[in-house]
Every structure is written in C-alpha cells, then in structure tokens.
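Dropping query_9.cif in here (mmCIF, C-alpha atoms):
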data_target
loop_
_atom_site.label_atom_id
_atom_site.label_comp_id
_atom_site.auth_asym_id
_atom_site.auth_seq_id
_atom_site.Cartn_x
_atom_site.Cartn_y
_atom_site.Cartn_z
CA MET Q 815 77.23 94.95 104.45
CA VAL Q 816 74.68 95.04 101.69
CA GLN Q 817 71.98 97.59 102.02
CA ARG Q 818 69.17 97.51 99.51
CA ASN Q 819 68.98 100.75 97.77
CA ASN Q 820 65.53 102.03 96.91
CA LEU Q 821 66.41 105.48 95.72
CA ASP Q 822 65.68 106.52 92.18
CA ALA Q 823 68.50 107.95 90.14
CA ALA Q 824 67.53 111.57 90.73
CA SER Q 825 67.31 111.18 94.48
CA GLU Q 826 70.56 109.36 94.49
CA THR Q 827 72.27 112.15 92.60
CA ALA Q 828 70.81 114.72 94.97
CA PHE Q 829 71.88 112.67 97.96
CA LYS Q 830 75.39 112.36 96.67
CA ARG Q 831 75.64 116.05 95.87
CA ASP Q 832 74.56 116.93 99.40
CA LEU Q 833 76.91 114.39 100.89
CA VAL Q 834 79.86 115.79 98.95
CA ALA Q 835 78.97 119.28 100.15
CA LEU Q 836 79.12 118.04 103.74
CA ILE Q 837 82.60 116.54 103.44
CA PRO Q 838 84.45 119.64 104.72
CA HIS Q 839 82.18 119.81 107.77
CA LEU Q 840 82.56 116.11 108.49
CA ARG Q 841 86.33 116.43 108.26
CA ALA Q 842 86.27 119.33 110.72
CA PHE Q 843 84.07 117.48 113.17
CA ALA Q 844 86.23 114.36 112.89
CA ARG Q 845 89.36 116.40 113.55
CA THR Q 846 87.90 117.83 116.73
CA LEU Q 847 86.97 114.33 117.89
CA CYS Q 848 90.26 112.63 117.05
CA GLY Q 849 92.81 115.38 117.19
CA ASP Q 850 95.08 113.56 114.78
CA ALA Q 851 94.45 114.77 111.23
CA ALA Q 852 95.17 111.47 109.46
CA ALA Q 853 93.03 109.41 111.84
CA ALA Q 854 90.32 112.04 111.49
CA ASP Q 855 90.26 111.73 107.72
CA ASP Q 856 90.02 107.94 108.01
CA LEU Q 857 87.11 108.38 110.37
CA ALA Q 858 85.41 110.88 108.09
CA GLN Q 859 85.82 108.58 105.09
CA ASP Q 860 84.35 105.65 106.98
CA ALA Q 861 81.42 107.79 108.01
CA ILE Q 862 80.85 109.00 104.47
CA LEU Q 863 80.81 105.45 103.16
CA LYS Q 864 78.42 104.42 105.91
CA ALA Q 865 76.16 107.32 105.05
CA TRP Q 866 76.29 106.36 101.40
CA ASP Q 867 75.46 102.73 102.17
CA ALA Q 868 72.57 103.86 104.35
CA ARG Q 869 71.24 106.38 101.85
CA SER Q 870 67.95 104.59 101.37
CA SER Q 871 67.21 105.00 105.06
CA PHE Q 872 67.76 108.74 104.96
CA GLN Q 873 64.57 110.74 104.86
CA MET Q 874 64.92 113.31 102.17
CA GLY Q 875 64.14 116.76 103.41
CA THR Q 876 65.36 116.11 106.94
CA ASN Q 877 68.62 117.49 108.28
CA MET Q 878 71.31 115.62 106.43
CA LYS Q 879 74.11 117.43 108.21
CA ALA Q 880 72.85 116.27 111.59
CA TRP Q 881 72.31 112.76 110.23
CA THR Q 882 75.84 112.45 108.87
CA PHE Q 883 77.35 113.96 112.03
CA MET Q 884 75.51 111.36 114.05
CA ILE Q 885 76.88 108.58 111.84
CA LEU Q 886 80.38 109.96 112.21
CA ARG Q 887 80.07 110.27 115.94
CA ASN Q 888 78.73 106.74 116.32
CA GLN Q 889 81.54 105.47 114.17
CA PHE Q 890 84.06 107.30 116.34
CA TYR Q 891 82.79 105.86 119.58
CA SER Q 892 82.35 102.33 118.26
CA GLU Q 893 85.90 102.35 116.97
CA LYS Q 894 87.06 103.76 120.24
CA ARG Q 895 85.31 100.93 122.03
CA ARG Q 896 87.21 98.51 119.87
CA SER Q 897 90.15 100.49 121.14
CA TRP Q 898 91.97 100.97 117.92
CA ARG Q 899 93.02 104.20 119.49
CA GLN Q 900 93.82 105.38 122.95
CA SER Q 901 90.77 106.27 124.93
CA GLN Q 902 91.96 109.76 125.59
CA LEU Q 903 92.82 112.17 122.89
CA ASP Q 904 96.46 111.74 122.27
CA GLN Q 905 98.30 114.86 123.20
CA GLU Q 906 101.13 114.12 120.84
CA ALA Q 907 98.70 113.87 117.98
CA ALA Q 908 97.29 117.23 118.93
CA GLU Q 909 100.77 118.66 118.83
CA ARG Q 910 101.37 117.23 115.39
CA THR Q 911 98.15 118.79 114.19
CA LEU Q 912 99.36 122.08 115.58
CA VAL Q 913 102.58 121.88 113.69
CA ALA Q 914 100.65 121.04 110.55
CA ALA Q 915 98.58 124.20 110.88
CA ASP Q 916 101.08 126.50 109.32
CA ASP Q 917 99.35 129.76 108.61
CA PRO Q 918 102.13 132.19 109.55
CA GLU Q 919 99.52 134.86 110.21
CA ALA Q 920 97.57 132.68 112.58
CA PRO Q 921 97.98 134.02 116.07
CA VAL Q 922 99.44 131.71 118.62
CA ALA Q 923 96.14 131.69 120.44
CA LEU Q 924 94.63 129.37 117.86
CA ASP Q 925 97.13 126.74 118.82
CA GLU Q 926 96.55 127.28 122.49
CA MET Q 927 92.85 126.92 121.84
CA ARG Q 928 93.47 123.55 120.23
CA LEU Q 929 95.52 122.39 123.16
CA ALA Q 930 92.91 123.65 125.59
CA MET Q 931 90.13 121.89 123.65
CA ALA Q 932 92.15 118.70 123.76
CA MET Q 933 92.05 118.83 127.53
CA LEU Q 934 88.27 118.75 127.73
CA PRO Q 935 86.43 115.46 128.24
CA SER Q 936 85.20 114.26 124.86
CA GLU Q 937 81.49 114.70 125.71
CA GLN Q 938 82.10 118.32 126.54
CA ARG Q 939 84.30 118.90 123.56
CA GLU Q 940 81.83 117.48 121.08
CA ALA Q 941 78.90 119.36 122.60
CA LEU Q 942 80.78 122.64 122.47
CA ILE Q 943 81.90 122.07 118.89
CA LEU Q 944 78.44 121.13 117.67
CA VAL Q 945 76.76 124.12 119.26
CA GLY Q 946 79.56 126.67 119.27
CA ALA Q 947 81.10 126.01 115.88
CA GLY Q 948 79.01 123.50 113.94
CA GLY Q 949 75.94 125.69 113.92
CA PHE Q 950 73.61 123.15 115.52
CA ALA Q 951 70.77 124.00 117.85
CA TYR Q 952 70.84 122.35 121.26
CA GLU Q 953 68.04 120.02 120.15
CA GLU Q 954 69.98 118.91 117.07
CA ALA Q 955 73.13 118.42 119.10
CA ALA Q 956 71.12 116.30 121.54
CA ASP Q 957 69.90 114.12 118.67
CA ILE Q 958 73.42 113.73 117.34
CA CYS Q 959 74.82 112.78 120.73
CA GLY Q 960 71.85 110.64 121.70
CA CYS Q 961 71.23 112.47 124.95
CA ALA Q 962 68.77 114.90 126.47
CA VAL Q 963 68.75 118.57 125.53
CA GLY Q 964 69.49 119.54 129.12
CA THR Q 965 72.52 117.30 129.10
CA VAL Q 966 73.88 119.05 126.03
CA LYS Q 967 73.26 122.43 127.63
CA SER Q 968 75.11 121.54 130.76
CA ARG Q 969 77.98 119.97 128.83
CA VAL Q 970 78.31 123.07 126.70
CA SER Q 971 78.32 125.40 129.66
CA ARG Q 972 80.77 123.25 131.57
CA ALA Q 973 82.99 123.10 128.51
CA ARG Q 974 82.94 126.88 128.19
CA ARG Q 975 83.85 127.41 131.79
CA ALA Q 976 86.60 124.83 131.63
CA LEU Q 977 88.00 126.27 128.43
CA HIS Q 978 88.00 129.73 129.91
CA ALA Q 979 89.76 128.52 133.04
CA ILE Q 980 92.32 126.54 131.06
CA LEU Q 981 93.13 129.48 128.83
CA GLU Q 982 93.17 131.93 131.68
CA GLN Q 983 95.47 129.89 133.83
CA GLY Q 984 97.57 128.54 131.03
CA ALA Q 985 96.90 125.07 132.38
CA TYR Q 986 97.47 123.39 129.04
CA ASP Q 987 100.84 121.91 128.28
CA ARG Q 988 102.73 124.86 127.04
CA ASP Q 989 106.14 125.82 126.00
CA GLY Q 990 106.98 128.38 128.58
CA SER Q 991 104.71 131.23 127.60
CA PRO Q 992 103.30 132.91 130.67
CA ALA Q 993 99.88 132.05 132.04
CA GLY Q 994 97.14 134.33 130.80
CA GLU Q 995 98.96 134.94 127.54
CA ALA Q 996 96.52 132.82 125.56
CA MET Q 997 93.45 134.56 126.92
CA ARG Q 998 94.97 137.98 126.29
CA SER Q 999 95.81 137.01 122.78
CA ILE Q 1000 92.33 135.63 122.15
CA LEU Q 1001 90.77 138.80 123.48
CA SER Q 1002 92.90 141.08 121.37
CA ASP Q 1003 92.11 138.97 118.32
CA ALA Q 1004 88.43 139.24 118.94
CA GLU Q 1005 88.74 142.99 119.37
CA ARG Q 1006 90.67 143.25 116.16
CA LEU Q 1007 88.09 141.17 114.29
CA SER Q 1008 85.15 143.09 115.61
CA GLY Q 1009 86.70 146.53 115.47
CA PRO Q 1010 86.18 149.05 112.68
CA ARG Q 1011 88.06 148.36 109.50
CA MET T 7 79.35 143.97 107.70
CA SER T 8 82.51 141.98 107.56
CA ARG T 9 82.41 138.23 107.76
CA GLU T 10 84.41 138.18 110.94
CA LYS T 11 82.22 140.68 112.65
CA ASP T 12 79.24 138.71 111.59
CA ALA T 13 80.87 135.65 113.10
CA LEU T 14 81.45 137.47 116.35
CA GLU T 15 77.83 138.43 116.63
CA ARG T 16 76.53 135.14 115.44
CA VAL T 17 78.49 133.42 118.13
CA SER T 18 76.52 135.30 120.79
CA PHE T 19 77.08 132.31 122.94
CA PRO T 20 73.86 131.07 124.47
CA LEU T 21 75.94 131.00 127.63
CA MET T 22 74.29 133.99 129.16
CA ASN T 23 70.73 132.81 128.78
CA ASP T 24 71.63 129.31 129.74
CA PRO T 25 70.23 128.66 133.19
CA GLU T 26 72.91 126.10 133.92
CA SER T 27 75.64 128.59 133.39
CA SER T 28 74.47 131.03 136.00
CA GLU T 29 76.78 129.71 138.62
CA PRO T 30 77.28 131.81 141.69
CA ARG T 31 80.03 134.30 141.32
CA GLY T 32 80.25 135.30 144.94
CA SER T 33 83.63 133.78 145.53
CA ASP T 34 84.98 135.29 142.36
CA PRO T 35 84.32 139.03 142.28
CA GLU T 36 86.47 139.39 139.19
CA PRO T 37 86.06 139.50 136.26
CA SER T 38 82.83 141.43 135.94
CA ILE T 39 79.86 139.97 134.13
CA ASP T 40 80.59 142.12 131.10
CA GLU T 41 84.18 141.09 131.11
CA ALA T 42 83.23 137.43 131.39
CA ARG T 43 80.79 137.81 128.54
CA LEU T 44 83.49 139.41 126.44
CA ARG T 45 85.86 136.58 127.17
CA GLN T 46 83.32 133.93 126.34
CA GLN T 47 82.55 135.68 123.08
CA ALA T 48 86.21 135.85 122.24
CA ILE T 49 86.58 132.15 122.95
CA GLY T 50 83.54 131.49 120.79
CA VAL T 51 85.03 133.40 117.89
CA LYS T 52 88.28 131.50 118.23
CA LEU T 53 86.50 128.19 118.39
CA ARG T 54 84.55 128.89 115.27
CA GLN T 55 87.69 130.13 113.56
CA MET T 56 89.43 126.88 114.44
CA PHE T 57 86.57 124.83 113.03
CA ASP T 58 86.13 126.96 109.92
CA GLU T 59 89.81 126.74 109.19
CA ILE T 60 89.41 122.99 108.70
CA VAL T 61 86.13 123.37 106.81
CA ASN T 62 87.92 125.67 104.38
CA GLU T 63 90.74 123.27 103.66
CA PRO T 64 90.58 121.75 100.19
CA VAL T 65 88.99 118.31 100.30
CA PRO T 66 91.59 115.59 99.71
CA GLN T 67 91.07 113.62 96.54
CA ASP T 68 90.60 110.37 98.51
CA PHE T 69 87.24 111.60 99.66
CA LEU T 70 85.93 112.02 96.16
CA ASP T 71 87.51 108.74 95.11
CA ILE T 72 85.73 106.68 97.73
CA LEU T 73 82.37 107.90 96.53
CA ARG T 74 83.32 107.23 92.96
CA ARG T 75 84.37 103.71 93.91
CA ALA T 76 81.10 103.24 95.76
CA ASP T 77 79.33 104.27 92.58
CA ASN T 78 81.23 101.80 90.46
CA LYS T 79 80.47 99.04 92.88
CA ARG T 80 76.84 99.74 92.32
CA ALA T 81 77.17 100.01 88.55
CA PHE T 82 78.91 96.65 88.33
CA GLY T 83 76.77 95.06 90.97
CA GLY T 84 79.85 93.93 92.83
CA GLN T 85 80.73 94.22 96.47
CA ASP T 86 84.50 94.44 96.25
#
Taking this structure as input, can you express it in the form of structure tokens?
Amino acid sequence: MVQRNNLDAASETAFKRDLVALIPHLRAFARTLCGDAAAADDLAQDAILKAWDARSSFQMGTNMKAWTFMILRNQFYSEKRRSWRQSQLDQEAAERTLVAADDPEAPVALDEMRLAMAMLPSEQREALILVGAGGFAYEEAADICGCAVGTVKSRVSRARRALHAILEQGAYDRDGSPAGEAMRSILSDAERLSGPR
Amino acid sequence: MSREKDALERVSFPLMNDPESSEPRGSDPEPSIDEARLRQQAIGVKLRQMFDEIVNEPVPQDFLDILRRADNKRAFGGQD
C-alpha cells in the first residue's frame, strides 16, 4: 500500500507531532467501539498507521482529530464486515474491560455505565460518544460517521433516552444490585462533583 | 472553578434544545423536566468521565514504536 508522500520535512514533523497527540483520544474512541481493550488498541494502531500512510492527503489546517476518528471508524466497520469479530459488541469483553479498570475509588456507576453503553446499537453508541464525550459538534460527528446531521442528532437523543432507561431500570446484565442503583449512584456522583468543595 | 464542575457545565447536553428529543411526556408524568435534565446531565458527566479515563491512560509503547518503524521504512526506502 504505497502512498506517495509529498510533504516536506517540516510538515511531516508537524503532522507526526499532531498524530502522536491524538493517540490517547483514538484509543478511547476505539475502546468505546470495540469494548475489548486489546482489540481496541489493535484497531487504534491500524488507524494510526493508515493516517500516517495517508498523510499527504490530509489538508493541513483542517480538523485532524475528526479526520483520524473517521479513519478509525472506517477501519472498525471494514474489519467488522470482514467479520474478524462478532458483529455485536461482545459482552464478555466488556466485562473483562470492567475488571481491568481498577481504580478502587471509582464508583460502581462507572462500570454500570460501561455495561449500559455496551447495550446500545453501535450507531447510537458512536454518535453519543463523539458528541457527548469526544467534544465534536453534530456537524463534525456527521462527517465522521458519513451521515446527515439530523441523523446524528436523532441517534444521540435516542442513545441518551436508551441509556437513561437502561440505567434507571437496571436492564443491563448485573450482579444482583437492585434496579435504580446505578442511576442513584450516577446522580450522587454528579452532585458531589458539582457541589462546593 | 474545578475541572469537574467545568466538565459538568460543559456537558450541558444539547438534549434539551434538540427538537428530536422533545418526545411527549404525557404518559410519563414523572420525573419532572428538571429532574430529567439533571439525570441527563449526570449521565453526560459519567460518560465523559469514562472517556477521559481512557484518554488519560499512559500511551503504550507499541504506539510510539509503530510510528518509529513507519519512519524507518521511509528512511530506508523499504516497504517491510
């Protein structure tokens, strides 16, 4: 896959610096798409290499974060089409990721949130992540997902409603904690975070 | 202003000004609009926290290695 590279040395250095700075964000996005942390890192690395190979087609000054997220997303869905992974996010993988997240201070609600996110259809999950956590505008998210702005908006709002319902009802696969526990915990966390120090 | 508080406000989910989200609430008198807004904000904070937690992880060395390898490939004019 040879791609002629027309960048001068300075542009190339700048490109690489920006790409390196985006690695943490690409890893986070990949993790929300795949669930499984190891598969997510493989995906993120593939996307980073693809971005590097395609560097001469990147327009300097445009939104590199959105560009790389789009590459990663395309990579995810093309690999999924080749079915190297199950079509649905693998619940067991999500559980393993949970176990790996071992901040003893982290409230249980963070885990429940992960499980609840894993239950959303992937289009809704990615839209919600891009807009709700990735810091993208609806228009940028639409570019990344290759769909209309209105589609992103409706996916995001459906995702929010679904997430709320899942957390409220405790509909995710859980280990015996009572329904509504997750939402209560999330609310009290938010209060704690926003309250006076 | 603390970072977390900032996050909470920043989240200000576009939910409420999103026309598509204004579903009828007639059949569901509870929770109130304010309460629903609060819940959505709380979910937003949690979501961002979940994402940021990964962003803040140290980058595994492999990631830096692949770019270095890509560089070498170029320097030596090879393609693996």
>> Neighbouring residues of stretch 952-959 of chain Q were defined as those with any atom within 12 Å, considering all atoms listed in the file; residues of the same chain fewer than 2 positions away were excluded. Please report them as a PyMOL selection string.
In response: (chain Q and resi 876-891+936-950+961-971) or (chain T and resi 19-21+24)
>> Can you translate the PyMOL selection byres ((chain Q) within 8 of (chain T)) into the concrete residues it hits in this file, as number ranges by chain?
In response: Q: 834, 837-839, 841-843, 859, 863, 866, 924, 927-928, 943, 946-948, 967-968, 971-972, 974, 978, 997, 1000-1001, 1003-1004, 1007-1009
Tell me which residues the PyMOL selection byres ((chain Q and resi 829) around 10) grabs here, as a short mmCIF file (atom, residue, chain, number, x, y, z; two decimals) with C-alpha atoms, in the coordinates of the input.
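As written to disk, selection37.cif reads:
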data_model
loop_
_atom_site.label_atom_id
_atom_site.label_comp_id
_atom_site.auth_asym_id
_atom_site.auth_seq_id
_atom_site.Cartn_x
_atom_site.Cartn_y
_atom_site.Cartn_z
CA LEU Q 821 66.41 105.48 95.72
CA ALA Q 823 68.50 107.95 90.14
CA ALA Q 824 67.53 111.57 90.73
CA SER Q 825 67.31 111.18 94.48
CA GLU Q 826 70.56 109.36 94.49
CA THR Q 827 72.27 112.15 92.60
CA ALA Q 828 70.81 114.72 94.97
CA LYS Q 830 75.39 112.36 96.67
CA ARG Q 831 75.64 116.05 95.87
CA ASP Q 832 74.56 116.93 99.40
CA LEU Q 833 76.91 114.39 100.89
CA VAL Q 834 79.86 115.79 98.95
CA ALA Q 835 78.97 119.28 100.15
CA ALA Q 865 76.16 107.32 105.05
CA TRP Q 866 76.29 106.36 101.40
CA ARG Q 869 71.24 106.38 101.85
CA SER Q 870 67.95 104.59 101.37
CA PHE Q 872 67.76 108.74 104.96
CA MET Q 874 64.92 113.31 102.17
CA MET Q 878 71.31 115.62 106.43
#
> So how many Å separate atom CA of Q:Leu934 and atom CA of Q:Ala853, to one decimal?
Replying inline: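 Atom CA of Q:Ala853 lies at a distance of 19.0 Å from atom CA of Q:Leu934.
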> So how many Å separate atom CA of Q:Glu926 and atom CA of Q:Asp850, to one decimal?
Replying inline: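 These atoms are spaced 15.8 Å apart.
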>> What's the separation between atom CA of Q:Asp855 and atom CA of Q:Leu977, in Å to one decimal place?
In response: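 Interatomic distance here is 25.4 Å.
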Which centre and which edge lengths, in Å to one decimal, describe the axis-aligned box that holds all listed atoms of stretch 59-76 of chain T after 3 Å is added on each side, as JSON?
{"center_x": 86.3, "center_y": 115.0, "center_z": 101.1, "size_x": 16.5, "size_y": 29.5, "size_z": 22.2}
